[in-house]
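Trainee: I'm passing along final.tsv; it holds TSV, C-alpha atoms.
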```
chain	number	residue	atom	x	y	z
A	1	MET	CA	20.50	9.88	-15.54
A	2	ILE	CA	17.22	10.08	-13.60
A	3	ASP	CA	17.44	9.66	-9.83
A	4	LYS	CA	13.75	9.84	-9.03
A	5	ILE	CA	10.78	8.41	-10.88
A	6	LEU	CA	7.19	9.13	-9.94
A	7	VAL	CA	5.28	5.88	-9.69
A	8	PRO	CA	1.55	6.57	-9.79
A	9	LEU	CA	-0.87	4.99	-7.36
A	10	PRO	CA	-2.21	1.62	-8.49
A	11	GLU	CA	-5.34	1.60	-10.64
A	12	PRO	CA	-8.34	-0.54	-9.56
A	13	GLU	CA	-7.22	-3.51	-11.70
A	14	ALA	CA	-3.75	-3.43	-10.14
A	15	ARG	CA	-5.16	-3.16	-6.63
A	16	ARG	CA	-7.44	-6.15	-7.25
A	17	ALA	CA	-4.50	-8.20	-8.56
A	18	MET	CA	-2.49	-7.28	-5.45
A	19	PHE	CA	-5.32	-8.34	-3.13
A	20	GLU	CA	-5.85	-11.60	-4.99
A	21	GLU	CA	-2.13	-12.33	-4.70
A	22	LEU	CA	-1.68	-11.28	-1.06
A	23	LEU	CA	-5.02	-12.45	0.39
A	24	LEU	CA	-5.85	-15.84	-1.03
A	25	SER	CA	-9.40	-17.07	-0.62
A	26	GLN	CA	-9.67	-20.61	0.67
A	27	PRO	CA	-11.81	-22.85	-1.58
A	28	ASP	CA	-14.01	-24.13	1.25
A	29	GLU	CA	-14.34	-20.77	3.04
A	30	GLU	CA	-16.38	-17.63	2.48
A	31	SER	CA	-15.04	-15.60	-0.45
A	32	LEU	CA	-13.09	-12.47	0.43
A	33	PRO	CA	-14.67	-9.17	-0.69
A	34	TYR	CA	-12.11	-8.15	-3.32
A	35	ASP	CA	-14.53	-5.68	-4.95
A	36	LEU	CA	-15.05	-3.91	-1.62
A	37	LEU	CA	-11.29	-3.80	-1.04
A	38	VAL	CA	-10.71	-2.22	-4.44
A	39	GLU	CA	-13.44	0.33	-3.82
A	40	LYS	CA	-12.25	1.24	-0.31
A	41	THR	CA	-8.55	1.56	-1.19
A	42	GLU	CA	-8.66	4.41	-3.68
A	43	GLY	CA	-5.57	6.52	-2.90
A	44	PHE	CA	-3.61	3.63	-1.34
A	45	SER	CA	-0.07	2.99	-2.54
A	46	GLY	CA	1.25	-0.51	-3.14
A	47	SER	CA	2.97	-0.33	0.25
A	48	ASP	CA	-0.29	0.71	1.93
A	49	ILE	CA	-2.07	-2.24	0.33
A	50	ARG	CA	0.61	-4.64	1.53
A	51	LEU	CA	0.23	-3.24	5.06
A	52	LEU	CA	-3.56	-3.63	4.86
A	53	CYS	CA	-3.14	-7.28	3.82
A	54	LYS	CA	-0.72	-7.93	6.69
A	55	GLU	CA	-3.20	-6.38	9.11
A	56	ALA	CA	-6.00	-8.60	7.77
A	57	ALA	CA	-3.76	-11.68	7.98
A	58	MET	CA	-2.95	-10.92	11.62
A	59	GLN	CA	-6.59	-11.11	12.70
A	60	PRO	CA	-6.81	-14.95	12.75
A	61	LEU	CA	-3.59	-15.02	14.80
A	62	ARG	CA	-5.05	-12.52	17.25
A	63	ARG	CA	-8.17	-14.70	17.61
A	64	LEU	CA	-5.96	-17.72	18.30
A	65	MET	CA	-3.89	-15.81	20.88
A	66	THR	CA	-7.06	-14.67	22.66
A	67	HIS	CA	-8.27	-18.27	22.68
A	68	LEU	CA	-4.98	-19.52	24.10
A	69	GLU	CA	-4.83	-16.78	26.74
A	70	ASP	CA	-8.33	-17.73	27.90
A	71	ARG	CA	-7.26	-21.35	28.47
A	72	GLU	CA	-6.12	-22.19	31.96
A	73	GLU	CA	-3.41	-24.72	31.14
A	74	VAL	CA	0.06	-23.69	32.23
A	75	VAL	CA	3.14	-24.80	30.33
A	76	PRO	CA	5.47	-26.59	32.76
A	77	GLU	CA	8.72	-24.81	33.49
A	78	ASP	CA	10.70	-27.90	34.47
A	79	GLY	CA	12.35	-30.13	31.92
A	80	MET	CA	11.87	-30.82	28.23
A	81	THR	CA	10.05	-34.13	28.75
A	82	SER	CA	7.18	-32.50	30.64
A	83	LYS	CA	6.87	-29.80	27.98
A	84	VAL	CA	6.70	-32.39	25.20
A	85	MET	CA	4.04	-34.30	27.13
A	86	PHE	CA	2.11	-31.05	27.69
A	87	PHE	CA	2.07	-30.15	23.97
A	88	GLU	CA	1.13	-33.70	22.97
A	89	THR	CA	-1.79	-33.61	25.42
A	90	TYR	CA	-3.04	-30.09	24.60
A	91	LYS	CA	-3.12	-29.71	20.83
A	92	LEU	CA	-3.17	-26.17	19.51
A	93	PRO	CA	-6.24	-25.23	17.50
A	94	PRO	CA	-5.71	-24.23	13.86
A	95	VAL	CA	-5.09	-20.58	13.10
A	96	GLY	CA	-8.10	-20.30	10.82
A	97	PRO	CA	-8.70	-18.44	7.56
A	98	ILE	CA	-8.97	-14.72	6.90
A	99	LYS	CA	-12.64	-13.75	7.08
A	100	PRO	CA	-14.53	-10.76	5.62
A	101	ASP	CA	-14.74	-9.31	9.15
A	102	ASP	CA	-10.93	-9.36	9.26
A	103	ILE	CA	-10.92	-7.24	6.11
A	104	ASP	CA	-13.29	-4.74	7.74
A	105	THR	CA	-11.05	-4.52	10.81
A	106	ALA	CA	-7.97	-4.01	8.65
A	107	LEU	CA	-9.71	-1.26	6.66
A	108	LYS	CA	-10.59	0.52	9.92
A	109	ASN	CA	-7.01	0.29	11.18
A	110	THR	CA	-5.10	1.15	8.01
A	111	ARG	CA	-5.00	4.53	6.30
A	112	PRO	CA	-3.42	5.54	2.99
A	113	SER	CA	-0.09	7.32	3.32
A	114	ALA	CA	0.60	8.35	-0.26
A	115	HIS	CA	-2.05	11.06	-0.46
A	116	LEU	CA	-0.29	13.10	2.24
A	117	ASN	CA	2.57	14.13	-0.06
A	118	PHE	CA	1.29	13.20	-3.50
A	119	HIS	CA	0.90	16.82	-4.63
A	120	ARG	CA	4.57	17.42	-3.73
A	121	TYR	CA	5.61	14.35	-5.73
A	122	GLU	CA	3.62	15.49	-8.76
A	123	LYS	CA	5.11	19.00	-8.55
A	124	PHE	CA	8.62	17.55	-8.29
A	125	ASN	CA	7.94	15.33	-11.29
A	126	ASP	CA	6.56	18.29	-13.26
A	127	ASP	CA	9.62	20.39	-12.40
A	128	TYR	CA	12.40	17.80	-12.64
A	129	GLY	CA	11.00	14.60	-14.11
A	130	SER	CA	11.83	13.35	-17.56
A	131	GLN	CA	9.59	14.46	-20.37
A	132	ILE	CA	8.91	12.68	-23.62
A	133	LEU	CA	9.49	15.08	-26.48
A	134	GLN	CA	7.69	14.51	-29.74
```
Take the structure in the file and write it out as structure tokens.
Mentor:
Amino acid sequence: MIDKILVPLPEPEARRAMFEELLLSQPDEESLPYDLLVEKTEGFSGSDIRLLCKEAAMQPLRRLMTHLEDREEVVPEDGMTSKVMFFETYKLPPVGPIKPDDIDTALKNTRPSAHLNFHRYEKFNDDYGSQILQ
């Protein structure tokens, strides 16, 4: 029985499918640069790609948090009624979509991890992996 199986890094088509699944473009917003993502993520594992997508998805939340921190309203500390009135008076802005700039930021902040040990994985697979005999 095989304990370890070498899973190769995703090909461009697989990376594109992952990005299209994890980073949905909104119909009324600017299209996300899937081709650029595929090109810039050569050597990324599936886990690296998922992390990149999470990083891109966090950017709209960070913009919202910055916006909220810049506001001067203070949430009342006393009683539930005053808090409800506060939140009814001061509506939160929408989070907003993922933009191409968010993708650029995520690419700058995320690095591939698989390439660091890939040669060791390939050697292990060559030495101990299953072989198809013909």
Trainee: Excluding stretch 34-37 of chain A and its own-chain neighbours fewer than 4 positions away, which residues fall within 12 Å of it when counting only C-alpha atoms? Please give them as a VMD selection string.
Mentor: chain A and resid 12 to 25 30 41 to 44 49 52 to 53 56 99 to 100 102 to 108
Trainee: For A:Pro60, which of A:Asp28, A:Pro97, A:Pro33, A:Glu39 is the closest residue, counting all atoms listed in the file?
Mentor: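 The shortest atom-to-atom distance to A:Pro60 comes from A:Pro97.
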Trainee: Please measure the separation of atom CA of A:Glu122 and atom CA of A:Pro8, giving the value in Å to one decimal.
Mentor: 9.2 Å
Trainee: Figure out the distance between atom CA of A:Gln26 and atom CA of A:Asp70, please, to one decimal in Å.
Mentor: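 If I compute the distance from atom CA of A:Asp70 to atom CA of A:Gln26, I get 27.4 Å.
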Trainee: Taking only C-alpha atoms into account, name the residue in A:Ser45, A:Ile98, A:Glu11, A:Ser31 that is nearest to A:Arg63.
Mentor: A:Ile98
Trainee: When you draw a straight line from atom CA of A:Pro94 to atom CA of A:Arg62, how long is it in Å?
Mentor: 12.2 Å
Trainee: Pick from A:Leu64, A:Glu55, A:Tyr128, A:Ser47: nearest to A:Leu9, with all atoms listed in the file counted?
Mentor: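 Of all the options, A:Ser47 lies closest to A:Leu9.
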Trainee: Closest to A:Gly46 among A:Val7, A:Leu68, A:Met58, A:Glu29, using all atoms listed in the file?
Mentor: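 For A:Gly46, the nearest of the candidates is A:Val7.
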Trainee: Because the input lacks atoms here, generate N, CA and C atoms for stretch 21-44 of chain A and report them as a PDB file, in the frame of the given file.
Mentor:
```
ATOM      1  N   GLU A  21      -3.430 -11.698  -4.919  1.00  0.00           N
ATOM      2  CA  GLU A  21      -2.130 -12.330  -4.700  1.00  0.00           C
ATOM      3  C   GLU A  21      -1.794 -12.421  -3.202  1.00  0.00           C
ATOM      4  N   LEU A  22      -2.086 -11.349  -2.462  1.00  0.00           N
ATOM      5  CA  LEU A  22      -1.680 -11.280  -1.060  1.00  0.00           C
ATOM      6  C   LEU A  22      -2.691 -11.888  -0.087  1.00  0.00           C
ATOM      7  N   LEU A  23      -3.966 -11.897  -0.468  1.00  0.00           N
ATOM      8  CA  LEU A  23      -5.020 -12.450   0.390  1.00  0.00           C
ATOM      9  C   LEU A  23      -5.750 -13.546  -0.376  1.00  0.00           C
ATOM     10  N   LEU A  24      -5.250 -14.738  -0.288  1.00  0.00           N
ATOM     11  CA  LEU A  24      -5.850 -15.840  -1.030  1.00  0.00           C
ATOM     12  C   LEU A  24      -7.126 -16.316  -0.350  1.00  0.00           C
ATOM     13  N   SER A  25      -8.171 -16.486  -1.133  1.00  0.00           N
ATOM     14  CA  SER A  25      -9.400 -17.070  -0.620  1.00  0.00           C
ATOM     15  C   SER A  25      -9.227 -18.585  -0.545  1.00  0.00           C
ATOM     16  N   GLN A  26      -9.715 -19.167   0.526  1.00  0.00           N
ATOM     17  CA  GLN A  26      -9.670 -20.610   0.670  1.00  0.00           C
ATOM     18  C   GLN A  26     -10.885 -21.201  -0.051  1.00  0.00           C
ATOM     19  N   PRO A  27     -10.711 -22.293  -0.791  1.00  0.00           N
ATOM     20  CA  PRO A  27     -11.810 -22.850  -1.580  1.00  0.00           C
ATOM     21  C   PRO A  27     -13.047 -23.217  -0.768  1.00  0.00           C
ATOM     22  N   ASP A  28     -12.861 -23.693   0.456  1.00  0.00           N
ATOM     23  CA  ASP A  28     -14.010 -24.130   1.250  1.00  0.00           C
ATOM     24  C   ASP A  28     -14.492 -23.066   2.242  1.00  0.00           C
ATOM     25  N   GLU A  29     -13.963 -21.850   2.138  1.00  0.00           N
ATOM     26  CA  GLU A  29     -14.340 -20.770   3.040  1.00  0.00           C
ATOM     27  C   GLU A  29     -15.104 -19.684   2.285  1.00  0.00           C
ATOM     28  N   GLU A  30     -15.658 -18.759   3.052  1.00  0.00           N
ATOM     29  CA  GLU A  30     -16.380 -17.630   2.480  1.00  0.00           C
ATOM     30  C   GLU A  30     -15.408 -16.788   1.633  1.00  0.00           C
ATOM     31  N   SER A  31     -15.875 -16.379   0.463  1.00  0.00           N
ATOM     32  CA  SER A  31     -15.040 -15.600  -0.450  1.00  0.00           C
ATOM     33  C   SER A  31     -14.708 -14.239   0.154  1.00  0.00           C
ATOM     34  N   LEU A  32     -13.489 -13.791  -0.071  1.00  0.00           N
ATOM     35  CA  LEU A  32     -13.090 -12.470   0.430  1.00  0.00           C
ATOM     36  C   LEU A  32     -13.667 -11.386  -0.478  1.00  0.00           C
ATOM     37  N   PRO A  33     -14.021 -10.237   0.085  1.00  0.00           N
ATOM     38  CA  PRO A  33     -14.670  -9.170  -0.690  1.00  0.00           C
ATOM     39  C   PRO A  33     -13.668  -8.313  -1.475  1.00  0.00           C
ATOM     40  N   TYR A  34     -13.115  -8.882  -2.535  1.00  0.00           N
ATOM     41  CA  TYR A  34     -12.110  -8.150  -3.320  1.00  0.00           C
ATOM     42  C   TYR A  34     -12.680  -6.862  -3.903  1.00  0.00           C
ATOM     43  N   ASP A  35     -13.935  -6.889  -4.370  1.00  0.00           N
ATOM     44  CA  ASP A  35     -14.530  -5.680  -4.950  1.00  0.00           C
ATOM     45  C   ASP A  35     -14.615  -4.560  -3.910  1.00  0.00           C
ATOM     46  N   LEU A  36     -14.983  -4.904  -2.693  1.00  0.00           N
ATOM     47  CA  LEU A  36     -15.050  -3.910  -1.620  1.00  0.00           C
ATOM     48  C   LEU A  36     -13.658  -3.365  -1.316  1.00  0.00           C
ATOM     49  N   LEU A  37     -12.670  -4.242  -1.288  1.00  0.00           N
ATOM     50  CA  LEU A  37     -11.290  -3.800  -1.040  1.00  0.00           C
ATOM     51  C   LEU A  37     -10.833  -2.812  -2.100  1.00  0.00           C
ATOM     52  N   VAL A  38     -11.118  -3.116  -3.351  1.00  0.00           N
ATOM     53  CA  VAL A  38     -10.710  -2.220  -4.440  1.00  0.00           C
ATOM     54  C   VAL A  38     -11.402  -0.870  -4.281  1.00  0.00           C
ATOM     55  N   GLU A  39     -12.673  -0.907  -3.975  1.00  0.00           N
ATOM     56  CA  GLU A  39     -13.440   0.330  -3.820  1.00  0.00           C
ATOM     57  C   GLU A  39     -12.944   1.178  -2.647  1.00  0.00           C
ATOM     58  N   LYS A  40     -12.628   0.522  -1.536  1.00  0.00           N
ATOM     59  CA  LYS A  40     -12.250   1.240  -0.310  1.00  0.00           C
ATOM     60  C   LYS A  40     -10.785   1.668  -0.266  1.00  0.00           C
ATOM     61  N   THR A  41      -9.979   1.252  -1.247  1.00  0.00           N
ATOM     62  CA  THR A  41      -8.550   1.560  -1.190  1.00  0.00           C
ATOM     63  C   THR A  41      -8.109   2.552  -2.266  1.00  0.00           C
ATOM     64  N   GLU A  42      -9.034   3.328  -2.758  1.00  0.00           N
ATOM     65  CA  GLU A  42      -8.660   4.410  -3.680  1.00  0.00           C
ATOM     66  C   GLU A  42      -7.693   5.332  -2.936  1.00  0.00           C
ATOM     67  N   GLY A  43      -6.568   5.662  -3.539  1.00  0.00           N
ATOM     68  CA  GLY A  43      -5.570   6.520  -2.900  1.00  0.00           C
ATOM     69  C   GLY A  43      -4.521   5.760  -2.103  1.00  0.00           C
ATOM     70  N   PHE A  44      -4.613   4.437  -2.041  1.00  0.00           N
ATOM     71  CA  PHE A  44      -3.610   3.630  -1.340  1.00  0.00           C
ATOM     72  C   PHE A  44      -2.447   3.338  -2.289  1.00  0.00           C
TER      73      PHE A  44
END
```
